[in-house]
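Text of input_37.cif, listed as mmCIF, C-alpha atoms; chains and numbers go by the auth columns:
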data_work
#
loop_
_atom_site.group_PDB
_atom_site.id
_atom_site.type_symbol
_atom_site.label_atom_id
_atom_site.label_comp_id
_atom_site.label_asym_id
_atom_site.label_seq_id
_atom_site.Cartn_x
_atom_site.Cartn_y
_atom_site.Cartn_z
_atom_site.B_iso_or_equiv
_atom_site.auth_seq_id
_atom_site.auth_asym_id
ATOM 1 C CA MET A 1 0.000 0.000 0.000 0.00 756 A
ATOM 2 C CA SER A 2 1.392 3.356 -0.997 0.00 757 A
ATOM 3 C CA CYS A 3 1.813 5.953 1.750 0.00 758 A
ATOM 4 C CA GLU A 4 3.058 8.734 -0.496 0.00 759 A
ATOM 5 C CA ILE A 5 1.854 12.256 0.229 0.00 760 A
ATOM 6 C CA ASP A 6 2.079 14.738 -2.618 0.00 761 A
ATOM 7 C CA SER A 7 3.572 18.204 -2.236 0.00 762 A
ATOM 8 C CA VAL A 8 0.153 19.887 -2.080 0.00 763 A
ATOM 9 C CA ASP A 9 -0.842 17.712 0.889 0.00 764 A
ATOM 10 C CA LEU A 10 2.460 18.444 2.627 0.00 765 A
ATOM 11 C CA GLU A 11 1.987 22.162 2.120 0.00 766 A
ATOM 12 C CA MET A 12 -1.552 21.952 3.509 0.00 767 A
ATOM 13 C CA ILE A 13 -0.329 20.044 6.565 0.00 768 A
ATOM 14 C CA ALA A 14 2.478 22.553 7.123 0.00 769 A
ATOM 15 C CA ASN A 15 0.113 25.517 6.855 0.00 770 A
ATOM 16 C CA MET A 16 -2.469 23.934 9.133 0.00 771 A
ATOM 17 C CA SER A 17 0.208 23.108 11.708 0.00 772 A
ATOM 18 C CA HIS A 18 1.398 26.704 11.625 0.00 773 A
ATOM 19 C CA GLU A 19 -2.124 28.057 12.140 0.00 774 A
ATOM 20 C CA LEU A 20 -2.807 25.684 15.040 0.00 775 A
ATOM 21 C CA ARG A 21 0.405 26.565 16.843 0.00 776 A
ATOM 22 C CA THR A 22 -0.787 29.963 18.105 0.00 777 A
ATOM 23 C CA PRO A 23 -4.126 28.916 19.672 0.00 778 A
ATOM 24 C CA LEU A 24 -2.529 25.816 21.182 0.00 779 A
ATOM 25 C CA THR A 25 0.240 27.955 22.700 0.00 780 A
ATOM 26 C CA ILE A 26 -2.375 30.343 24.150 0.00 781 A
ATOM 27 C CA ILE A 27 -4.381 27.488 25.645 0.00 782 A
ATOM 28 C CA ARG A 28 -1.339 25.853 27.176 0.00 783 A
ATOM 29 C CA GLY A 29 -0.101 29.167 28.603 0.00 784 A
ATOM 30 C CA TYR A 30 -3.400 30.024 30.252 0.00 785 A
ATOM 31 C CA VAL A 31 -3.834 26.494 31.605 0.00 786 A
ATOM 32 C CA ASP A 32 -0.454 26.877 33.310 0.00 787 A
ATOM 33 C CA ILE A 33 -1.559 30.226 34.740 0.00 788 A
ATOM 34 C CA LEU A 34 -4.817 28.740 36.019 0.00 789 A
ATOM 35 C CA GLU A 35 -2.998 25.879 37.673 0.00 790 A
ATOM 36 C CA ASN A 36 -0.759 28.307 39.526 0.00 791 A
ATOM 37 C CA PHE A 37 -2.918 31.371 40.196 0.00 792 A
ATOM 38 C CA GLY A 38 -6.441 30.810 38.843 0.00 793 A
ATOM 39 C CA GLY A 39 -8.057 30.097 42.187 0.00 794 A
ATOM 40 C CA GLU A 40 -6.717 33.288 43.751 0.00 795 A
ATOM 41 C CA ASP A 41 -7.697 35.893 41.163 0.00 796 A
ATOM 42 C CA LEU A 42 -11.242 35.979 39.749 0.00 797 A
ATOM 43 C CA GLU A 43 -10.352 38.534 37.061 0.00 798 A
ATOM 44 C CA LEU A 44 -7.421 36.402 35.914 0.00 799 A
ATOM 45 C CA PHE A 45 -9.645 33.320 35.906 0.00 800 A
ATOM 46 C CA GLN A 46 -12.196 35.056 33.675 0.00 801 A
ATOM 47 C CA GLU A 47 -9.471 36.319 31.328 0.00 802 A
ATOM 48 C CA ALA A 48 -7.974 32.838 31.033 0.00 803 A
ATOM 49 C CA THR A 49 -11.248 31.035 30.396 0.00 804 A
ATOM 50 C CA GLU A 50 -12.240 33.600 27.747 0.00 805 A
ATOM 51 C CA ALA A 51 -8.871 33.237 25.990 0.00 806 A
ATOM 52 C CA ILE A 52 -9.105 29.442 26.073 0.00 807 A
ATOM 53 C CA LYS A 53 -12.658 29.550 24.731 0.00 808 A
ATOM 54 C CA ASN A 54 -11.693 31.897 21.854 0.00 809 A
ATOM 55 C CA SER A 55 -8.661 29.808 20.960 0.00 810 A
ATOM 56 C CA ALA A 56 -10.720 26.613 20.929 0.00 811 A
ATOM 57 C CA GLU A 57 -13.297 28.280 18.670 0.00 812 A
ATOM 58 C CA ASN A 58 -10.528 29.425 16.331 0.00 813 A
ATOM 59 C CA MET A 59 -9.189 25.868 16.096 0.00 814 A
ATOM 60 C CA GLN A 60 -12.679 24.518 15.467 0.00 815 A
ATOM 61 C CA ASN A 61 -13.195 27.128 12.735 0.00 816 A
ATOM 62 C CA LEU A 62 -9.915 26.147 11.072 0.00 817 A
ATOM 63 C CA VAL A 63 -10.677 22.426 11.199 0.00 818 A
ATOM 64 C CA GLU A 64 -14.171 22.984 9.739 0.00 819 A
ATOM 65 C CA LYS A 65 -12.719 24.981 6.842 0.00 820 A
ATOM 66 C CA ILE A 66 -10.074 22.340 6.167 0.00 821 A
ATOM 67 C CA LEU A 67 -12.715 19.599 6.181 0.00 822 A
ATOM 68 C CA PHE A 68 -14.931 21.627 3.841 0.00 823 A
ATOM 69 C CA LEU A 69 -12.124 22.027 1.297 0.00 824 A
ATOM 70 C CA ALA A 70 -11.086 18.383 1.636 0.00 825 A
ATOM 71 C CA ARG A 71 -14.632 17.253 0.886 0.00 826 A
ATOM 72 C CA ALA A 72 -14.841 19.738 -1.982 0.00 827 A
ATOM 73 C CA ASP A 73 -11.626 18.345 -3.471 0.00 828 A
ATOM 74 C CA GLN A 74 -13.166 14.876 -3.335 0.00 829 A
ATOM 75 C CA ASN A 75 -16.442 16.047 -4.930 0.00 830 A
ATOM 76 C CA ASN A 76 -18.196 15.055 -1.719 0.00 831 A
ATOM 77 C CA LEU A 77 -20.270 18.204 -1.142 0.00 832 A
ATOM 78 C CA PRO A 78 -23.600 17.718 -2.929 0.00 833 A
ATOM 79 C CA LEU A 79 -25.560 20.906 -3.549 0.00 834 A
ATOM 80 C CA LYS A 80 -29.341 21.114 -3.375 0.00 835 A
ATOM 81 C CA LYS A 81 -30.297 23.739 -5.945 0.00 836 A
ATOM 82 C CA PHE A 82 -33.665 25.457 -5.978 0.00 837 A
ATOM 83 C CA PRO A 83 -34.872 28.916 -7.077 0.00 838 A
ATOM 84 C CA VAL A 84 -33.715 31.481 -4.515 0.00 839 A
ATOM 85 C CA GLU A 85 -34.897 35.104 -4.303 0.00 840 A
ATOM 86 C CA VAL A 86 -31.804 37.308 -4.289 0.00 841 A
ATOM 87 C CA ASN A 87 -33.214 40.140 -2.171 0.00 842 A
ATOM 88 C CA GLU A 88 -34.530 37.719 0.450 0.00 843 A
ATOM 89 C CA LEU A 89 -31.257 35.809 0.479 0.00 844 A
ATOM 90 C CA LEU A 90 -29.135 38.898 1.118 0.00 845 A
ATOM 91 C CA LYS A 91 -31.593 40.326 3.633 0.00 846 A
ATOM 92 C CA SER A 92 -31.343 37.077 5.601 0.00 847 A
ATOM 93 C CA VAL A 93 -27.535 37.217 5.533 0.00 848 A
ATOM 94 C CA ILE A 94 -27.475 40.818 6.800 0.00 849 A
ATOM 95 C CA GLU A 95 -29.994 40.183 9.586 0.00 850 A
ATOM 96 C CA LYS A 96 -27.896 37.356 11.027 0.00 851 A
ATOM 97 C CA TYR A 97 -25.011 39.769 11.571 0.00 852 A
ATOM 98 C CA ASN A 98 -27.061 42.400 13.402 0.00 853 A
ATOM 99 C CA ASN A 99 -24.245 44.836 12.649 0.00 854 A
ATOM 100 C CA PRO A 100 -25.008 48.553 12.071 0.00 855 A
ATOM 101 C CA ARG A 101 -22.045 48.792 9.700 0.00 856 A
ATOM 102 C CA LEU A 102 -23.795 46.549 7.190 0.00 857 A
ATOM 103 C CA GLU A 103 -26.395 48.076 4.884 0.00 858 A
ATOM 104 C CA PHE A 104 -28.461 46.306 2.247 0.00 859 A
ATOM 105 C CA LEU A 105 -29.429 48.165 -0.928 0.00 860 A
ATOM 106 C CA PRO A 106 -32.071 45.984 -2.633 0.00 861 A
ATOM 107 C CA GLY A 107 -32.688 46.241 -6.331 0.00 862 A
ATOM 108 C CA GLU A 108 -35.082 44.677 -8.794 0.00 863 A
ATOM 109 C CA ASN A 109 -35.808 41.285 -7.332 0.00 864 A
ATOM 110 C CA PHE A 110 -34.922 38.126 -9.231 0.00 865 A
ATOM 111 C CA LYS A 111 -34.243 34.467 -8.604 0.00 866 A
ATOM 112 C CA ILE A 112 -31.197 32.335 -9.112 0.00 867 A
ATOM 113 C CA VAL A 113 -31.095 28.575 -9.019 0.00 868 A
ATOM 114 C CA GLY A 114 -28.728 27.555 -6.261 0.00 869 A
ATOM 115 C CA ASP A 115 -28.138 26.055 -2.856 0.00 870 A
ATOM 116 C CA LYS A 116 -29.327 28.683 -0.367 0.00 871 A
ATOM 117 C CA ASP A 117 -27.041 27.570 2.478 0.00 872 A
ATOM 118 C CA PHE A 118 -23.966 27.491 0.285 0.00 873 A
ATOM 119 C CA LEU A 119 -24.770 30.870 -1.245 0.00 874 A
ATOM 120 C CA GLU A 120 -25.196 32.378 2.217 0.00 875 A
ATOM 121 C CA LYS A 121 -21.813 30.945 3.184 0.00 876 A
ATOM 122 C CA MET A 122 -20.201 32.470 0.098 0.00 877 A
ATOM 123 C CA PHE A 123 -21.492 35.963 0.857 0.00 878 A
ATOM 124 C CA ARG A 124 -20.631 35.657 4.555 0.00 879 A
ATOM 125 C CA GLU A 125 -17.005 34.875 3.758 0.00 880 A
ATOM 126 C CA PHE A 126 -16.712 38.091 1.744 0.00 881 A
ATOM 127 C CA ILE A 127 -18.605 40.128 4.346 0.00 882 A
ATOM 128 C CA ASP A 128 -16.360 38.798 7.133 0.00 883 A
ATOM 129 C CA ASN A 129 -13.359 39.844 5.079 0.00 884 A
ATOM 130 C CA ALA A 130 -14.769 43.332 4.473 0.00 885 A
ATOM 131 C CA LEU A 131 -15.554 43.787 8.170 0.00 886 A
ATOM 132 C CA SER A 132 -11.989 42.841 9.039 0.00 887 A
ATOM 133 C CA PHE A 133 -10.390 45.447 6.801 0.00 888 A
ATOM 134 C CA SER A 134 -12.782 48.384 6.994 0.00 889 A
ATOM 135 C CA GLU A 135 -14.165 50.565 9.770 0.00 890 A
ATOM 136 C CA GLU A 136 -16.711 52.290 7.535 0.00 891 A
ATOM 137 C CA LYS A 137 -20.098 51.100 6.317 0.00 892 A
ATOM 138 C CA ILE A 138 -20.241 48.086 4.038 0.00 893 A
ATOM 139 C CA PHE A 139 -22.940 47.895 1.390 0.00 894 A
ATOM 140 C CA LEU A 140 -24.578 44.900 -0.257 0.00 895 A
ATOM 141 C CA LYS A 141 -26.120 46.182 -3.458 0.00 896 A
ATOM 142 C CA VAL A 142 -28.305 44.401 -6.007 0.00 897 A
ATOM 143 C CA GLU A 143 -27.945 45.479 -9.645 0.00 898 A
ATOM 144 C CA LYS A 144 -29.571 42.773 -11.754 0.00 899 A
ATOM 145 C CA PRO A 145 -27.905 40.504 -12.732 0.00 900 A
ATOM 146 C CA ARG A 146 -25.101 41.470 -10.339 0.00 901 A
ATOM 147 C CA ILE A 147 -24.558 41.687 -6.604 0.00 902 A
ATOM 148 C CA LYS A 148 -21.917 43.985 -5.160 0.00 903 A
ATOM 149 C CA ILE A 149 -20.202 44.096 -1.777 0.00 904 A
ATOM 150 C CA ILE A 150 -18.679 47.548 -1.354 0.00 905 A
ATOM 151 C CA ASP A 151 -16.345 48.712 1.391 0.00 906 A
ATOM 152 C CA SER A 152 -14.147 51.754 1.999 0.00 907 A
ATOM 153 C CA GLY A 153 -11.375 49.865 3.725 0.00 908 A
ATOM 154 C CA ILE A 154 -7.655 49.500 3.113 0.00 909 A
ATOM 155 C CA GLY A 155 -8.055 48.073 -0.372 0.00 910 A
ATOM 156 C CA MET A 156 -5.468 45.866 -2.027 0.00 911 A
ATOM 157 C CA ALA A 157 -2.917 45.884 -4.801 0.00 912 A
ATOM 158 C CA GLU A 158 -4.002 44.524 -8.191 0.00 913 A
ATOM 159 C CA GLU A 159 -1.360 41.805 -7.939 0.00 914 A
ATOM 160 C CA ASN A 160 -3.385 40.264 -5.099 0.00 915 A
ATOM 161 C CA PHE A 161 -6.748 40.146 -6.881 0.00 916 A
ATOM 162 C CA GLU A 162 -6.324 36.476 -7.800 0.00 917 A
ATOM 163 C CA LYS A 163 -4.089 35.485 -4.880 0.00 918 A
ATOM 164 C CA ILE A 164 -6.833 36.128 -2.323 0.00 919 A
ATOM 165 C CA PHE A 165 -8.510 32.916 -3.469 0.00 920 A
ATOM 166 C CA ASP A 166 -5.385 30.837 -2.817 0.00 921 A
ATOM 167 C CA ARG A 167 -5.497 28.695 0.295 0.00 922 A
ATOM 168 C CA PHE A 168 -3.770 30.237 3.309 0.00 923 A
ATOM 169 C CA PHE A 169 -3.040 33.502 1.474 0.00 924 A
ATOM 170 C CA LYS A 170 -3.427 36.555 3.726 0.00 925 A
ATOM 171 C CA ILE A 171 -3.268 40.280 3.185 0.00 926 A
ATOM 172 C CA ASP A 172 -0.725 41.819 5.572 0.00 927 A
ATOM 173 C CA LYS A 173 -2.649 42.211 8.844 0.00 928 A
ATOM 174 C CA SER A 174 -0.452 45.134 9.876 0.00 929 A
ATOM 175 C CA ARG A 175 -2.258 47.225 7.266 0.00 930 A
ATOM 176 C CA ALA A 176 -5.716 46.372 8.593 0.00 931 A
ATOM 177 C CA LYS A 177 -7.615 49.176 10.276 0.00 932 A
ATOM 178 C CA LYS A 178 -9.718 46.765 12.243 0.00 933 A
ATOM 179 C CA VAL A 179 -9.381 43.019 12.498 0.00 934 A
ATOM 180 C CA GLY A 180 -12.654 41.155 12.954 0.00 935 A
ATOM 181 C CA GLU A 181 -13.484 38.897 15.862 0.00 936 A
ATOM 182 C CA LYS A 182 -12.810 35.769 13.827 0.00 937 A
ATOM 183 C CA ASN A 183 -9.232 34.835 13.071 0.00 938 A
ATOM 184 C CA SER A 184 -8.375 34.787 9.398 0.00 939 A
ATOM 185 C CA PHE A 185 -6.754 31.580 8.174 0.00 940 A
ATOM 186 C CA GLY A 186 -6.687 32.512 4.514 0.00 941 A
ATOM 187 C CA LEU A 187 -9.247 29.813 3.689 0.00 942 A
ATOM 188 C CA GLY A 188 -12.597 31.623 3.682 0.00 943 A
ATOM 189 C CA LEU A 189 -12.277 33.134 0.223 0.00 944 A
ATOM 190 C CA SER A 190 -11.030 29.811 -1.181 0.00 945 A
ATOM 191 C CA ILE A 191 -14.272 28.296 0.064 0.00 946 A
ATOM 192 C CA ALA A 192 -16.287 31.205 -1.355 0.00 947 A
ATOM 193 C CA LYS A 193 -14.632 30.810 -4.765 0.00 948 A
ATOM 194 C CA TRP A 194 -15.444 27.093 -4.826 0.00 949 A
ATOM 195 C CA ILE A 195 -19.107 27.850 -4.075 0.00 950 A
ATOM 196 C CA ALA A 196 -19.180 30.532 -6.766 0.00 951 A
ATOM 197 C CA ASP A 197 -17.744 28.104 -9.320 0.00 952 A
ATOM 198 C CA GLN A 198 -20.414 25.525 -8.450 0.00 953 A
ATOM 199 C CA HIS A 199 -23.064 28.140 -9.267 0.00 954 A
ATOM 200 C CA GLU A 200 -21.303 29.518 -12.363 0.00 955 A
ATOM 201 C CA ILE A 201 -20.930 32.866 -10.619 0.00 956 A
ATOM 202 C CA LYS A 202 -18.105 35.035 -11.909 0.00 957 A
ATOM 203 C CA ILE A 203 -16.312 37.109 -9.271 0.00 958 A
ATOM 204 C CA GLU A 204 -14.515 40.304 -10.216 0.00 959 A
ATOM 205 C CA ILE A 205 -12.521 42.480 -7.830 0.00 960 A
ATOM 206 C CA GLU A 206 -12.186 46.251 -8.057 0.00 961 A
ATOM 207 C CA SER A 207 -9.851 47.738 -5.479 0.00 962 A
ATOM 208 C CA GLU A 208 -7.397 50.527 -4.841 0.00 963 A
ATOM 209 C CA LEU A 209 -5.010 50.816 -1.929 0.00 964 A
ATOM 210 C CA GLY A 210 -6.415 53.113 0.733 0.00 965 A
ATOM 211 C CA LYS A 211 -9.748 53.547 -1.055 0.00 966 A
ATOM 212 C CA GLY A 212 -11.621 50.309 -0.554 0.00 967 A
ATOM 213 C CA THR A 213 -12.777 47.256 -2.444 0.00 968 A
ATOM 214 C CA THR A 214 -15.815 46.280 -4.487 0.00 969 A
ATOM 215 C CA VAL A 215 -16.566 42.610 -5.097 0.00 970 A
ATOM 216 C CA ASN A 216 -18.789 42.033 -8.119 0.00 971 A
ATOM 217 C CA PHE A 217 -20.765 38.809 -8.413 0.00 972 A
ATOM 218 C CA GLU A 218 -21.857 38.259 -12.027 0.00 973 A
ATOM 219 C CA LEU A 219 -24.681 35.772 -11.644 0.00 974 A
ATOM 220 C CA GLY A 220 -25.172 34.970 -15.311 0.00 975 A
ATOM 221 C CA ILE A 221 -28.882 34.320 -14.872 0.00 976 A
ATOM 222 C CA ARG A 222 -30.937 32.944 -17.728 0.00 977 A
ATOM 223 C CA SER A 223 -33.902 35.084 -18.767 0.00 978 A
ATOM 224 C CA GLU A 224 -36.492 32.536 -17.632 0.00 979 A
ATOM 225 C CA GLU A 225 -35.119 32.746 -14.104 0.00 980 A
ATOM 226 C CA LEU A 226 -35.804 36.479 -13.795 0.00 981 A
ATOM 227 C CA PHE A 227 -38.958 37.750 -12.257 0.00 982 A
ATOM 228 C CA HIS A 228 -40.351 41.054 -11.062 0.00 983 A
ATOM 229 C CA SER A 229 -41.218 41.355 -7.385 0.00 984 A
#

What would you get if you wrote out this structure as structure tokens?
Amino acid sequence: MSCEIDSVDLEMIANMSHELRTPLTIIRGYVDILENFGGEDLELFQEATEAIKNSAENMQNLVEKILFLARADQNNLPLKKFPVEVNELLKSVIEKYNNPRLEFLPGENFKIVGDKDFLEKMFREFIDNALSFSEEKIFLKVEKPRIKIIDSGIGMAEENFEKIFDRFFKIDKSRAKKVGEKNSFGLGLSIAKWIADQHEIKIEIESELGKGTTVNFELGIRSEELFHS
């Protein structure tokens, strides 16, 4: 039986190991602190348990993303496609955030045939990214047959437009104005791109350093799938 691991697998393992090192170090450090001082200082106890909880959630998030991509690579993620109303889909995504920095600009309503859960996941990955690199309002705008996510954040260089979909690729965090609550592993947009490809959605990036980013989703809808609300 062959036990060979190709270079792509080795790179994935190396990247995953690197990403797990930080939360594991945090957990181990705070466990040591709790063992020595946790019972004597309530504030320290609360700080430690919160840090351990966040680190565990970050590890769980990473593992879930890795498993998603592994299943995608093996064509083991069946999609259940049905007509989905675009305005309702995006409204649902926004409401789950309950974030005043997110604003939905509905347009002429239309349907696309797709897997609602997967489509929500695709948009959430881009919204999470926008929230991490912008302190201003972020707009979701419908312009049939396109959807736009518009932010006024740090933007990015044109050379990175395609790289952002590579696994484990990250924009330099030191340039971020505000990093979101969730740790970035450089996998979310890889997942989003896979979902877009499964729905024949073309993604185009418009961005300029210091002036923000617009993500355009070209849905390529057939005429019979359009309808007026």

- Would you translate the PyMOL selection byres ((chain A and resi 777-782) around 10) into the concrete set of residues it matches in this file, as a ChimeraX atom specification? /A:772-776,783-788,803-804,806-814

- For CA of Ser962 (chain A) and CA of Phe888 (chain A), the interatomic separation in Å (one decimal):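 Answer for the CA of Ser962 (chain A) to CA of Phe888 (chain A) separation: 12.5 Å.
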
- Message: Evaluated on this file, the PyMOL selection byres ((chain A and resi 909) around 6) picks out some residues - which ones are they, written as a ChimeraX atom specification?
- Response: /A:908,910,964-965,967

- Query: Between CA of Pro855 (chain A) and CA of Ile867 (chain A), what is the spacing in Å?
  - Reply: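 Interatomic distance here is 27.4 Å.
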
- For CA of Thr969 (chain A) and CA of Ile905 (chain A), determine how far apart the two atoms are, in Å to one decimal place.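 Between these atoms lies a distance of 4.4 Å.
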
- Query: Which residues come within 10 Å of Asp872 (chain A), counting only C-alpha atoms, excluding same-chain residues fewer than 2 positions away, as an MDAnalysis selection string?
  - Reply: chainID A and resid 834:836 844 869:870 874:877

- Item | Residue members of the PyMOL selection byres ((chain A and resi 822-825) around 12) in the file shown, as a PyMOL selection string | chain A and resi 763-764+767-768+771+815-821+826-833+873+876+921-923+942-950

Any idea what's packed within 10 Å of Asn915 (chain A), counting all atoms listed in the file, ignoring anything in its chain fewer than 5 positions away? Could you give it as a compact mmCIF listing (two decimals) with C-alpha atoms, in the coordinates of the input?
# COMPACT_ATOMS: atom_id res chain seq x y z
CA PHE A 920 -8.51 32.92 -3.47
CA ASP A 921 -5.38 30.84 -2.82
CA PHE A 924 -3.04 33.50 1.47
CA LYS A 925 -3.43 36.56 3.73
CA ILE A 926 -3.27 40.28 3.18
CA ILE A 960 -12.52 42.48 -7.83
CA SER A 962 -9.85 47.74 -5.48

- Name all residues at most 6 Å from Leu895 (chain A) (count all atoms listed in the file; drop same-chain ones fewer than 2 positions away) and give them as an MDAnalysis selection string. chainID A and resid 859:860 903:904

- Select, from A:Glu891, A:Glu914, A:Glu863, A:Asp883, the residue with the minimum atom-to-atom distance to Ile849 (chain A), counting only C-alpha atoms. A:Asp883

- Between A:Met911, A:Val897, A:Ile919, A:Leu857, single out the one closest to Asn971 (chain A), counting all atoms listed in the file.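 Ranking A:Met911, A:Val897, A:Ile919, A:Leu857 by distance to Asn971 (chain A), first place goes to A:Val897.
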
- Message: Under the rule that only C-alpha atoms are counted, which of A:Asn864, A:Val839, A:Leu974, A:Phe940 is the nearest residue to Glu880 (chain A)?
- Response: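 Among the listed residues, the smallest separation from Glu880 (chain A) belongs to A:Phe940.
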